[in-house]
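Here is the file work_4.cif (mmCIF, C-alpha atoms and all ligand atoms).
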```
data_structure
loop_
_atom_site.label_atom_id
_atom_site.label_comp_id
_atom_site.auth_asym_id
_atom_site.auth_seq_id
_atom_site.Cartn_x
_atom_site.Cartn_y
_atom_site.Cartn_z
CA MET W 12 -39.20 -106.52 -35.36
CA ALA W 13 -37.55 -109.40 -33.49
CA ASP W 14 -39.58 -112.24 -31.95
CA LYS W 15 -40.14 -112.32 -28.19
CA PRO W 16 -37.03 -113.83 -26.58
CA THR W 17 -37.13 -117.01 -24.52
CA LYS W 18 -35.85 -115.90 -21.13
CA GLY W 19 -32.47 -117.51 -20.48
CA LEU W 20 -32.56 -118.98 -24.03
CA ALA W 21 -34.37 -122.03 -22.60
CA ASP W 22 -34.97 -124.69 -25.29
CA VAL W 23 -33.22 -122.54 -27.93
CA VAL W 24 -30.85 -124.67 -30.01
CA ALA W 25 -27.77 -122.45 -30.18
CA ALA W 26 -25.25 -124.72 -31.93
CA SER W 27 -24.76 -128.08 -33.57
CA THR W 28 -22.36 -130.37 -31.81
CA ALA W 29 -21.14 -133.94 -32.12
CA LEU W 30 -19.62 -133.85 -28.63
CA SER W 31 -22.37 -134.58 -26.15
CA ASP W 32 -26.11 -135.09 -26.05
CA ILE W 33 -28.70 -135.08 -23.26
CA ASP W 34 -32.10 -136.74 -23.13
CA GLY W 35 -33.62 -134.60 -20.40
CA GLN W 36 -36.83 -136.65 -20.11
CA ALA W 37 -35.09 -139.99 -19.74
CA GLY W 38 -32.12 -138.60 -17.76
CA ARG W 39 -29.45 -139.78 -20.15
CA LEU W 40 -26.13 -138.24 -21.16
CA PHE W 41 -23.88 -139.29 -24.03
CA TYR W 42 -20.33 -138.26 -25.00
CA ARG W 43 -19.88 -138.76 -28.74
CA GLY W 44 -22.58 -141.42 -28.68
CA TYR W 45 -21.33 -143.31 -25.61
CA ASP W 46 -23.71 -143.51 -22.66
CA ILE W 47 -22.18 -141.90 -19.57
CA HIS W 48 -23.14 -145.04 -17.62
CA ASP W 49 -20.85 -147.06 -19.90
CA LEU W 50 -17.98 -144.60 -19.57
CA ALA W 51 -18.11 -143.85 -15.82
CA GLY W 52 -15.85 -146.22 -13.88
CA ARG W 53 -14.61 -147.93 -17.06
CA THR W 54 -12.96 -145.17 -19.08
CA THR W 55 -10.25 -142.93 -17.66
CA PHE W 56 -10.38 -139.15 -17.77
CA GLU W 57 -7.47 -139.16 -20.22
CA GLU W 58 -9.40 -141.46 -22.59
CA THR W 59 -12.47 -139.27 -22.20
CA ALA W 60 -10.56 -136.06 -22.93
CA ARG W 61 -9.03 -137.67 -26.01
CA LEU W 62 -12.48 -138.90 -27.09
CA LEU W 63 -13.90 -135.39 -26.84
CA GLN W 64 -10.97 -133.55 -28.40
CA CYS W 65 -10.12 -136.01 -31.19
CA GLY W 66 -13.45 -137.72 -31.86
CA LYS W 67 -12.75 -141.36 -31.06
CA LEU W 68 -11.95 -143.48 -28.02
CA PRO W 69 -8.19 -143.98 -28.32
CA ASN W 70 -6.57 -147.37 -28.85
CA ARG W 71 -3.53 -148.21 -26.70
CA GLU W 72 -1.04 -146.54 -29.03
CA GLN W 73 -3.10 -143.37 -29.35
CA LEU W 74 -3.63 -143.21 -25.60
CA THR W 75 0.10 -143.60 -24.95
CA ALA W 76 0.84 -140.79 -27.39
CA TYR W 77 -1.83 -138.56 -25.83
CA GLY W 78 -0.54 -139.39 -22.33
CA ALA W 79 2.98 -138.40 -23.40
CA GLU W 80 1.63 -135.14 -24.81
CA LEU W 81 -0.10 -134.42 -21.50
CA VAL W 82 3.11 -135.12 -19.59
CA ARG W 83 5.06 -132.74 -21.87
CA GLY W 84 2.36 -130.11 -21.48
CA ARG W 85 2.31 -130.35 -17.70
CA THR W 86 4.71 -127.47 -17.13
CA LEU W 87 4.06 -123.83 -16.42
CA GLY W 88 5.66 -121.01 -18.39
CA PRO W 89 7.76 -118.22 -16.90
CA LEU W 90 5.02 -115.59 -16.82
CA VAL W 91 2.68 -117.92 -14.92
CA GLU W 92 5.44 -119.04 -12.54
CA ALA W 93 6.42 -115.46 -11.77
CA ASN W 94 2.87 -114.38 -10.96
CA ILE W 95 1.49 -117.31 -8.96
CA PRO W 96 2.60 -116.01 -5.53
CA GLU W 97 0.97 -112.59 -5.87
CA ILE W 98 -2.17 -113.99 -7.50
CA ALA W 99 -2.50 -116.58 -4.72
CA GLU W 100 -2.32 -113.78 -2.20
CA LYS W 101 -4.89 -111.52 -3.85
CA GLN W 102 -7.38 -113.67 -5.75
CA ALA W 103 -9.93 -116.32 -4.84
CA PRO W 104 -9.44 -119.67 -6.62
CA MET W 105 -11.67 -119.17 -9.67
CA GLU W 106 -10.48 -115.58 -10.15
CA ALA W 107 -6.91 -116.83 -9.94
CA LEU W 108 -7.54 -119.52 -12.57
CA ARG W 109 -9.12 -116.97 -14.89
CA THR W 110 -5.99 -114.82 -14.56
CA LEU W 111 -3.50 -117.69 -14.75
CA VAL W 112 -5.00 -119.23 -17.89
CA SER W 113 -4.91 -115.81 -19.49
CA LEU W 114 -1.23 -115.49 -18.56
CA ALA W 115 -0.56 -119.03 -19.82
CA ALA W 116 -1.54 -117.86 -23.30
CA ALA W 117 1.53 -115.64 -23.40
CA ASP W 118 3.74 -118.66 -22.69
CA ASP W 119 2.02 -120.93 -25.26
CA PRO W 120 4.03 -121.61 -28.43
CA ASP W 121 0.80 -121.89 -30.48
CA LYS W 122 -0.85 -118.75 -29.16
CA ASP W 123 -1.08 -117.08 -32.58
CA SER W 124 -2.64 -119.99 -34.45
CA ASN W 125 -6.21 -121.26 -34.61
CA SER W 126 -5.31 -124.10 -37.00
CA SER W 127 -6.78 -127.47 -36.09
CA GLU W 128 -3.28 -128.87 -35.38
CA ALA W 129 -2.45 -125.93 -33.08
CA ASN W 130 -5.85 -126.20 -31.40
CA LEU W 131 -5.31 -129.90 -30.65
CA ARG W 132 -1.91 -129.15 -29.13
CA LYS W 133 -3.32 -126.29 -27.05
CA ALA W 134 -6.24 -128.45 -25.93
CA ALA W 135 -3.83 -131.08 -24.58
CA ARG W 136 -1.64 -128.45 -22.90
CA LEU W 137 -4.59 -126.68 -21.28
CA THR W 138 -5.98 -130.01 -20.06
CA ALA W 139 -2.58 -130.93 -18.61
CA GLN W 140 -1.93 -127.52 -17.05
CA GLN W 141 -5.27 -126.88 -15.33
CA PRO W 142 -4.79 -129.36 -12.43
CA LEU W 143 -1.24 -128.10 -12.00
CA LEU W 144 -2.46 -124.48 -11.84
CA VAL W 145 -4.97 -125.38 -9.13
CA ALA W 146 -2.34 -127.29 -7.13
CA ARG W 147 0.35 -124.63 -7.47
CA TYR W 148 -2.10 -121.87 -6.54
CA HIS W 149 -3.14 -123.85 -3.47
CA GLY W 150 0.50 -124.51 -2.54
CA ALA W 151 1.36 -120.82 -2.85
CA ARG W 152 -1.52 -119.62 -0.70
CA THR W 153 -0.88 -122.20 2.02
CA GLY W 154 2.91 -121.86 1.90
CA THR W 155 3.38 -125.57 1.21
CA ALA W 156 5.70 -127.19 -1.31
CA VAL W 157 3.74 -128.96 -4.06
CA PRO W 158 5.19 -132.34 -5.10
CA ASP W 159 6.19 -132.44 -8.79
CA PRO W 160 3.70 -134.32 -10.94
CA ASP W 161 4.73 -137.95 -11.39
CA PRO W 162 4.83 -138.78 -15.12
CA GLU W 163 3.72 -142.33 -14.34
CA LEU W 164 0.51 -141.18 -12.64
CA SER W 165 -2.83 -140.16 -14.12
CA ILE W 166 -4.22 -136.64 -13.91
CA ALA W 167 -6.52 -137.78 -11.08
CA ALA W 168 -3.71 -139.40 -9.06
CA ASN W 169 -1.37 -136.45 -9.55
CA PHE W 170 -4.02 -133.96 -8.54
CA LEU W 171 -4.84 -135.75 -5.28
CA LEU W 172 -1.11 -136.14 -4.59
CA GLN W 173 -0.45 -132.46 -5.20
CA ILE W 174 -3.43 -131.16 -3.24
CA THR W 175 -3.17 -133.40 -0.19
CA GLY W 176 0.64 -133.82 -0.23
CA ARG W 177 0.48 -137.64 -0.08
CA PRO W 178 -0.28 -140.39 -2.58
CA ALA W 179 -3.97 -141.27 -2.61
CA ASP W 180 -5.08 -144.90 -2.34
CA SER W 181 -6.07 -146.55 -5.58
CA ARG W 182 -9.83 -146.56 -4.86
CA ALA W 183 -9.78 -142.80 -4.12
CA VAL W 184 -7.97 -142.24 -7.41
CA GLU W 185 -10.52 -144.37 -9.29
CA LEU W 186 -13.42 -142.46 -7.78
CA PHE W 187 -11.88 -139.06 -8.43
CA ASP W 188 -11.05 -140.08 -11.98
CA THR W 189 -14.74 -140.99 -12.43
CA CYS W 190 -15.70 -137.52 -11.13
CA LEU W 191 -13.51 -136.00 -13.84
CA VAL W 192 -15.16 -138.20 -16.48
CA LEU W 193 -18.64 -137.21 -15.28
CA HIS W 194 -17.91 -133.47 -15.49
CA ALA W 195 -16.08 -133.44 -18.83
CA ASP W 196 -18.80 -132.15 -21.14
CA HIS W 197 -22.47 -131.24 -21.01
CA THR W 198 -23.89 -129.83 -24.25
CA MET W 199 -24.62 -126.09 -24.33
CA ASN W 200 -24.12 -125.34 -20.63
CA ALA W 201 -23.41 -121.69 -19.82
CA SER W 202 -19.60 -121.85 -19.72
CA THR W 203 -19.37 -123.90 -22.91
CA PHE W 204 -21.71 -121.47 -24.64
CA ALA W 205 -19.51 -118.58 -23.47
CA ALA W 206 -16.45 -120.38 -24.85
CA ARG W 207 -18.16 -120.95 -28.20
CA VAL W 208 -19.35 -117.35 -28.49
CA CYS W 209 -15.78 -116.18 -27.91
CA ALA W 210 -14.26 -118.75 -30.29
CA ALA W 211 -16.81 -117.88 -32.99
CA THR W 212 -15.32 -114.41 -33.32
CA LEU W 213 -12.18 -116.32 -34.35
CA SER W 214 -10.58 -115.40 -31.08
CA ASP W 215 -8.11 -117.94 -29.71
CA MET W 216 -8.63 -121.00 -27.48
CA HIS W 217 -7.13 -119.40 -24.35
CA SER W 218 -9.49 -116.42 -24.64
CA ALA W 219 -12.47 -118.76 -25.03
CA VAL W 220 -11.40 -120.75 -21.97
CA VAL W 221 -10.96 -117.58 -19.92
CA ALA W 222 -14.55 -116.62 -20.81
CA ALA W 223 -15.65 -120.12 -19.79
CA ILE W 224 -13.86 -120.01 -16.44
CA GLY W 225 -15.46 -116.66 -15.62
CA THR W 226 -18.84 -118.19 -16.47
CA LEU W 227 -18.32 -121.43 -14.55
CA LYS W 228 -17.49 -119.42 -11.43
CA GLY W 229 -21.11 -118.31 -10.80
CA PRO W 230 -23.21 -120.12 -8.18
CA LEU W 231 -25.96 -120.97 -10.70
CA HIS W 232 -23.36 -122.98 -12.66
CA GLY W 233 -20.10 -124.51 -11.38
CA GLY W 234 -20.02 -122.47 -8.19
CA ALA W 235 -22.94 -124.54 -6.87
CA ASN W 236 -20.77 -127.43 -5.63
CA GLU W 237 -18.94 -125.18 -3.17
CA GLN W 238 -22.25 -123.68 -2.00
CA VAL W 239 -23.65 -127.19 -1.37
CA MET W 240 -20.80 -127.89 1.06
CA ARG W 241 -21.21 -124.49 2.75
CA THR W 242 -24.92 -125.27 3.24
CA LEU W 243 -24.16 -128.70 4.74
CA GLU W 244 -21.57 -127.14 7.06
CA SER W 245 -24.05 -124.48 8.18
CA LEU W 246 -26.84 -126.92 9.11
CA ASP W 247 -27.40 -128.68 12.41
CA PRO W 248 -27.39 -132.41 11.50
CA SER W 249 -30.51 -132.97 13.61
CA GLY W 250 -32.45 -130.12 12.01
CA VAL W 251 -31.82 -130.63 8.30
CA ALA W 252 -35.40 -131.27 7.18
CA GLN W 253 -36.87 -128.25 8.97
CA ALA W 254 -34.02 -125.95 7.86
CA VAL W 255 -34.50 -126.96 4.22
CA ARG W 256 -38.29 -126.51 4.46
CA ASP W 257 -37.74 -123.05 5.97
CA LYS W 258 -35.35 -122.05 3.21
CA LEU W 259 -37.75 -123.21 0.53
CA ALA W 260 -40.68 -121.48 2.23
CA ALA W 261 -38.62 -118.28 2.26
CA GLY W 262 -38.15 -118.62 -1.51
CA GLU W 263 -34.47 -119.53 -1.27
CA LYS W 264 -32.88 -121.77 -3.84
CA ILE W 265 -31.15 -124.85 -2.53
CA MET W 266 -27.85 -125.19 -4.34
CA GLY W 267 -27.25 -128.50 -6.09
CA PHE W 268 -30.89 -129.01 -7.10
CA GLY W 269 -32.78 -128.38 -10.31
CA HIS W 270 -31.63 -128.35 -13.88
CA ARG W 271 -32.55 -126.56 -17.06
CA VAL W 272 -32.57 -129.72 -19.17
CA TYR W 273 -33.09 -132.76 -16.91
CA LYS W 274 -36.70 -133.37 -15.91
CA THR W 275 -35.70 -136.45 -13.95
CA GLU W 276 -32.54 -137.54 -12.15
CA ASP W 277 -29.30 -136.24 -13.62
CA PRO W 278 -27.47 -139.47 -14.55
CA ARG W 279 -24.22 -138.05 -13.16
CA ALA W 280 -25.87 -137.61 -9.75
CA THR W 281 -26.68 -141.35 -9.68
CA HIS W 282 -22.95 -142.16 -9.79
CA LEU W 283 -21.94 -139.37 -7.44
CA ARG W 284 -24.51 -140.38 -4.79
CA ARG W 285 -23.09 -143.91 -4.79
CA MET W 286 -19.53 -142.60 -4.60
CA SER W 287 -20.42 -140.24 -1.76
CA GLN W 288 -21.94 -143.12 0.20
CA GLU W 289 -18.89 -145.33 -0.34
CA LEU W 290 -16.44 -142.63 0.72
CA ALA W 291 -18.60 -141.60 3.68
CA GLU W 292 -18.69 -145.17 4.98
CA ALA W 293 -14.95 -145.59 4.44
CA SER W 294 -14.26 -142.35 6.32
CA GLY W 295 -16.03 -143.60 9.44
CA ASP W 296 -18.22 -140.48 9.61
CA ASP W 297 -21.14 -140.43 7.22
CA THR W 298 -22.84 -137.36 8.72
CA TYR W 299 -22.64 -135.20 5.58
CA TYR W 300 -23.82 -138.07 3.39
CA ARG W 301 -26.83 -138.71 5.63
CA MET W 302 -27.60 -134.98 5.73
CA SER W 303 -27.42 -134.90 1.93
CA LYS W 304 -29.87 -137.79 1.63
CA GLU W 305 -32.27 -136.00 3.95
CA MET W 306 -31.96 -132.77 1.98
CA GLU W 307 -32.62 -134.69 -1.22
CA GLU W 308 -35.81 -136.20 0.21
CA VAL W 309 -37.15 -132.87 1.50
CA VAL W 310 -36.38 -130.95 -1.70
CA PHE W 311 -38.08 -133.64 -3.76
CA GLU W 312 -41.13 -133.80 -1.49
CA THR W 313 -41.48 -130.01 -1.35
CA LYS W 314 -40.49 -128.89 -4.85
CA GLY W 315 -40.24 -132.05 -6.93
CA LEU W 316 -36.62 -131.19 -7.77
CA TYR W 317 -33.83 -133.70 -8.26
CA PRO W 318 -30.17 -133.28 -7.30
CA ASN W 319 -27.88 -132.17 -10.12
CA VAL W 320 -24.20 -133.00 -10.68
CA ASP W 321 -23.04 -130.51 -8.05
CA PHE W 322 -25.00 -131.92 -5.13
CA TYR W 323 -23.21 -135.18 -4.37
CA ALA W 324 -19.96 -134.00 -5.99
CA ALA W 325 -19.60 -131.71 -2.96
CA THR W 326 -19.42 -134.52 -0.39
CA VAL W 327 -17.34 -136.71 -2.71
CA TYR W 328 -14.68 -133.97 -2.93
CA HIS W 329 -14.97 -133.33 0.79
CA TYR W 330 -14.33 -136.99 1.65
CA LEU W 331 -11.40 -137.02 -0.79
CA GLY W 332 -9.75 -134.25 1.23
CA ILE W 333 -10.17 -131.46 -1.30
CA PRO W 334 -10.60 -128.01 0.30
CA THR W 335 -14.12 -126.64 -0.20
CA ASP W 336 -13.10 -123.55 -2.14
CA LEU W 337 -11.32 -125.77 -4.69
CA PHE W 338 -14.50 -127.66 -5.64
CA THR W 339 -15.32 -125.35 -8.56
CA PRO W 340 -11.69 -125.33 -9.73
CA VAL W 341 -11.90 -129.16 -9.78
CA PHE W 342 -14.92 -128.81 -12.07
CA SER W 343 -12.76 -126.66 -14.36
CA VAL W 344 -10.00 -129.30 -14.37
CA SER W 345 -12.46 -131.70 -15.94
CA ARG W 346 -14.51 -129.32 -18.07
CA MET W 347 -11.33 -128.02 -19.70
CA SER W 348 -11.50 -131.14 -21.87
CA GLY W 349 -15.01 -130.22 -23.04
CA TRP W 350 -14.39 -126.49 -23.49
CA THR W 351 -11.32 -127.07 -25.63
CA ALA W 352 -13.14 -129.71 -27.70
CA HIS W 353 -15.96 -127.23 -28.32
CA VAL W 354 -13.49 -124.56 -29.46
CA ILE W 355 -11.96 -127.08 -31.87
CA GLU W 356 -15.45 -127.91 -33.17
CA GLN W 357 -16.47 -124.24 -33.44
CA HIS W 358 -13.33 -123.24 -35.34
CA ALA W 359 -13.70 -126.21 -37.69
CA ASP W 360 -17.09 -124.99 -38.96
CA ASN W 361 -17.43 -121.41 -37.86
CA ARG W 362 -20.00 -118.70 -38.10
CA LEU W 363 -20.09 -115.67 -35.82
CA ILE W 364 -22.59 -116.21 -32.98
CA ARG W 365 -24.55 -113.00 -32.85
CA PRO W 366 -28.20 -113.35 -31.79
CA ASP W 367 -30.80 -110.61 -31.87
CA SER W 368 -32.41 -108.83 -28.92
CA GLU W 369 -35.83 -107.48 -28.07
CA TYR W 370 -35.70 -103.73 -27.38
CA ILE W 371 -37.70 -102.85 -24.22
CA GLY W 372 -36.41 -99.31 -23.61
CA GLU W 373 -38.02 -95.97 -24.29
CA ARG W 374 -38.38 -94.63 -27.82
CA ASP W 375 -38.52 -91.21 -29.45
CA GLN W 376 -36.55 -89.47 -26.73
CA LYS W 377 -35.83 -85.76 -27.34
CA TRP W 378 -32.18 -84.90 -26.93
CA LYS W 379 -31.40 -82.09 -24.44
CA SER W 380 -28.14 -80.33 -23.81
CA ILE W 381 -26.38 -81.14 -20.52
CA ASP W 382 -27.61 -77.92 -18.87
CA GLU W 383 -31.24 -78.76 -19.61
CA ARG W 384 -31.21 -82.35 -18.21
N1 LIG Z 1 -34.06 -124.66 -5.13
C1 LIG Z 1 -35.33 -124.22 -5.00
N2 LIG Z 1 -36.12 -123.91 -6.03
C2 LIG Z 1 -35.60 -124.07 -7.25
C3 LIG Z 1 -34.31 -124.55 -7.46
C4 LIG Z 1 -33.53 -124.85 -6.34
N3 LIG Z 1 -32.28 -125.31 -6.49
N4 LIG Z 1 -34.06 -124.64 -8.79
C5 LIG Z 1 -35.19 -124.21 -9.39
N5 LIG Z 1 -36.10 -123.87 -8.46
C6 LIG Z 1 -37.44 -123.35 -8.72
C7 LIG Z 1 -37.37 -121.87 -9.00
O1 LIG Z 1 -37.46 -121.09 -7.82
C8 LIG Z 1 -38.53 -121.70 -9.92
O2 LIG Z 1 -39.70 -121.71 -9.16
P1 LIG Z 1 -40.93 -120.75 -9.53
O3 LIG Z 1 -41.36 -121.18 -10.89
O4 LIG Z 1 -41.89 -121.02 -8.45
O5 LIG Z 1 -40.36 -119.36 -9.52
C9 LIG Z 1 -38.52 -122.98 -10.76
O6 LIG Z 1 -37.94 -123.96 -9.90
C10 LIG Z 1 -37.72 -122.86 -12.05
O7 LIG Z 1 -36.41 -122.41 -11.70
P2 LIG Z 1 -35.50 -121.52 -12.61
O8 LIG Z 1 -34.39 -120.94 -11.80
O9 LIG Z 1 -36.31 -120.57 -13.43
O10 LIG Z 1 -34.95 -122.65 -13.59
P3 LIG Z 1 -33.78 -122.47 -14.62
O11 LIG Z 1 -33.95 -123.52 -15.63
O12 LIG Z 1 -33.64 -121.07 -15.05
O13 LIG Z 1 -32.50 -122.75 -13.70
C11 LIG Z 1 -30.88 -123.78 -12.42
C12 LIG Z 1 -31.83 -123.93 -13.61
C13 LIG Z 1 -29.94 -124.97 -12.40
C14 LIG Z 1 -30.05 -122.50 -12.57
C15 LIG Z 1 -31.71 -123.74 -11.10
O14 LIG Z 1 -32.35 -124.97 -10.92
C16 LIG Z 1 -30.87 -123.37 -9.92
O15 LIG Z 1 -30.64 -122.17 -9.66
N6 LIG Z 1 -30.34 -124.39 -9.16
C17 LIG Z 1 -29.48 -124.11 -8.04
C18 LIG Z 1 -28.08 -123.83 -8.54
C19 LIG Z 1 -27.39 -125.07 -9.02
O16 LIG Z 1 -27.43 -126.11 -8.39
N7 LIG Z 1 -26.72 -124.94 -10.16
C20 LIG Z 1 -25.98 -126.01 -10.76
C21 LIG Z 1 -26.64 -126.47 -12.02
S1 LIG Z 1 -25.90 -127.93 -12.67
#
```

Is it possible to express this structure as structure tokens?
Ligand code: COA
Amino acid sequence: MADKPTKGLADVVAASTALSDIDGQAGRLFYRGYDIHDLAGRTTFEETARLLQCGKLPNREQLTAYGAELVRGRTLGPLVEANIPEIAEKQAPMEALRTLVSLAAADDPDKDSNSSEANLRKAARLTAQQPLLVARYHGARTGTAVPDPDPELSIAANFLLQITGRPADSRAVELFDTCLVLHADHTMNASTFAARVCAATLSDMHSAVVAAIGTLKGPLHGGANEQVMRTLESLDPSGVAQAVRDKLAAGEKIMGFGHRVYKTEDPRATHLRRMSQELAEASGDDTYYRMSKEMEEVVFETKGLYPNVDFYAATVYHYLGIPTDLFTPVFSVSRMSGWTAHVIEQHADNRLIRPDSEYIGERDQKWKSIDER
């Protein structure tokens, strides 16, 4: 007889990882031993992705080589190219990404290998392709030409260029790059767990990432950032406090608050709040930032909950000119680095992930023929 399950696997240690670690009581996050506060604003997304996928912060030579690999990988194969227009017409952004990454597997030269060398190459290609997929999808659905990625620019700069159609100023690029660093990995979050379960069957990296994208899409996980913006847009700026109290009194969840692991402020939210304020002030209209601060105060007073990574990410992306329904895809652009690193780690020391379940159905049923039921 199996033990009673912990609902939602809360506090269950499901895997060993050397990638990231959270201290939920102290509100601290580490990537491979580096405090997120030391990385954010000082380490680029490319360095962070390389750190996660290869194990060490790259020196200049290693970073140049990784950058060149990303530039080479930043192309889309024929199957993806051929299908983008129809997918853009019929699928919402996260559905489209799920489909496009699946199609990208067919175009990948390493699709049949799970070797560590092939996995590293696929990890770099997937990391390079994800922002391009988002931009090309957006271009196709809006009927706009997407500028080619500039090999001299970072992933962050290219993404803003491709989404908005014009080069972003250097401070916007720095801030967006920091967003990508902050979202890169986060221990056994739901999408990473999904990726690891898939990889542990010795399925391939693209399949694992497709499982992860489908999991990130939900509003209790990555989909929350889009819902935060929709909530802000739906509220009257002069009635924020009462509206939030009413929602809480009605038992509604306020998206962007609460966390399974953090019992205090999510350290990523600390950076994102500051970034949101800076961008709001620079934009000349800080309404959404002020509304966010008010929401934060009311949710804390009423429920004792802190904002999570998705709360201030919403207004940061908004002020950067990113369309609201691309907020969760942006999360996937960053988290691709973590997912792929976890697949590499899972394949390197694998055992099938197959937990037990508690049976709560009826027993000793008597079979009847179809005419007797
Ligand atoms: N708004 C209002 N109440 C919330 C809440 C929120 N955002 N998050 C949690 N709560 C409340 C629950 O209603 C529950 O209250 P109860 O005990 O009175 O029923 C309690 O806090 C525990 O919540 P629960 O959903 O069981 O916690 P969890 O650990 O399973 O879930 C989240 C964690 C993140 C899924 C949850 O906080 C949530 O749904 N947040 C909103 C979605 C979100 O922002 N997701 C992004 C996460 S990074």

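With all atoms listed in the file as the atoms that count, the minimum distance from Ala76 in chain W to the choices W:Ala179, W:Ala135, W:Ala116, W:Met266 is reached by W:Ala135.
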
Residues within 12 Å of Ser202 in chain W, only C-alpha atoms, excluding chain neighbours under 4 positions, as an MDAnalysis selection string: chainID W and resid 196:198 206:209 219:229 231:234 342:343 346:347 349:351 353:354

Around the point (-25.7, -125.0, -8.1) in the file's coordinates, collect all residues with an atom within 10 Å, using all atoms listed in the file, and return them as number ranges by chain. W: 229-239, 264-270, 318-322

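Comparing the minimum interatomic distances between ligand LIG 1 (chain Z) and each of W:Tyr328, W:Tyr317, W:Tyr300, W:Phe338, counting all atoms listed in the file, we find that W:Tyr317 sits nearest.
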
Set the distance at 12 Å and use only C-alpha atoms: which residues neighbour Ser27 in chain W once local chain neighbours fewer than 5 positions away are removed? I'd like the list as a PyMOL selection string. chain W and resi 32+198-199+204+207+353+356-357+359-362

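CA of Thr203 in chain W lies 27.4 Å from CA of Asn70 in chain W.
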
I'd like the interatomic distance between CA of Val255 in chain W and atom O10 of ligand LIG 1 (chain Z), to a tenth of an Å. 18.3 Å

Need the axis-aligned box for ligand LIG 1 (chain Z) with 8 Å each side, so what are the centre and edges in Å to one decimal, as AutoDock Vina command-line options?
```
--center_x -33.9 --center_y -123.6 --center_z -10.3 --size_x 32.0 --size_y 24.6 --size_z 26.6
```

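Considering the residues W:Ala211, W:Gln253, W:His149, W:Arg374 and counting all atoms listed in the file, Thr335 in chain W has its shortest atom-to-atom contact with W:His149.
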
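When only C-alpha atoms are used to measure the gap to Ser113 in chain W, the shortest distance among W:Thr212, W:Ser218, W:Ser245, W:Asn130 belongs to W:Ser218.
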
Range 249-283 of chain W dumped to file, C-alpha atoms, as a PDB file, in the first residue's frame:
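File written: selection.pdb
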```
ATOM      1  CA  SER W 249      -8.651  54.963  -8.832  1.00  0.00           C
ATOM      2  CA  GLY W 250     -10.329  51.794  -7.560  1.00  0.00           C
ATOM      3  CA  VAL W 251      -7.463  49.322  -7.370  1.00  0.00           C
ATOM      4  CA  ALA W 252      -7.494  48.661  -3.621  1.00  0.00           C
ATOM      5  CA  GLN W 253     -11.242  48.007  -3.426  1.00  0.00           C
ATOM      6  CA  ALA W 254     -11.244  45.854  -6.580  1.00  0.00           C
ATOM      7  CA  VAL W 255      -8.432  43.681  -5.222  1.00  0.00           C
ATOM      8  CA  ARG W 256     -10.148  43.357  -1.823  1.00  0.00           C
ATOM      9  CA  ASP W 257     -13.374  42.330  -3.601  1.00  0.00           C
ATOM     10  CA  LYS W 258     -11.572  39.719  -5.677  1.00  0.00           C
ATOM     11  CA  LEU W 259      -9.885  38.268  -2.621  1.00  0.00           C
ATOM     12  CA  ALA W 260     -13.139  38.293  -0.657  1.00  0.00           C
ATOM     13  CA  ALA W 261     -14.754  36.386  -3.528  1.00  0.00           C
ATOM     14  CA  GLY W 262     -12.025  33.742  -3.231  1.00  0.00           C
ATOM     15  CA  GLU W 263     -10.305  34.731  -6.472  1.00  0.00           C
ATOM     16  CA  LYS W 264      -6.587  34.284  -6.882  1.00  0.00           C
ATOM     17  CA  ILE W 265      -4.636  37.367  -7.843  1.00  0.00           C
ATOM     18  CA  MET W 266      -2.176  36.390 -10.542  1.00  0.00           C
ATOM     19  CA  GLY W 267       1.461  37.198  -9.846  1.00  0.00           C
ATOM     20  CA  PHE W 268       1.244  36.534  -6.101  1.00  0.00           C
ATOM     21  CA  GLY W 269       2.152  33.564  -3.955  1.00  0.00           C
ATOM     22  CA  HIS W 270       4.725  30.878  -4.437  1.00  0.00           C
ATOM     23  CA  ARG W 271       5.115  27.239  -3.554  1.00  0.00           C
ATOM     24  CA  VAL W 272       8.667  27.648  -2.262  1.00  0.00           C
ATOM     25  CA  TYR W 273       9.257  31.294  -1.272  1.00  0.00           C
ATOM     26  CA  LYS W 274       7.873  32.231   2.138  1.00  0.00           C
ATOM     27  CA  THR W 275       9.182  35.762   1.758  1.00  0.00           C
ATOM     28  CA  GLU W 276       9.886  38.028  -1.207  1.00  0.00           C
ATOM     29  CA  ASP W 277      10.956  36.259  -4.389  1.00  0.00           C
ATOM     30  CA  PRO W 278      14.435  37.727  -5.016  1.00  0.00           C
ATOM     31  CA  ARG W 279      13.637  38.077  -8.718  1.00  0.00           C
ATOM     32  CA  ALA W 280      10.664  40.306  -7.875  1.00  0.00           C
ATOM     33  CA  THR W 281      13.012  42.703  -6.044  1.00  0.00           C
ATOM     34  CA  HIS W 282      14.897  43.358  -9.298  1.00  0.00           C
ATOM     35  CA  LEU W 283      11.784  43.433 -11.463  1.00  0.00           C
TER      36      LEU W 283
END
```
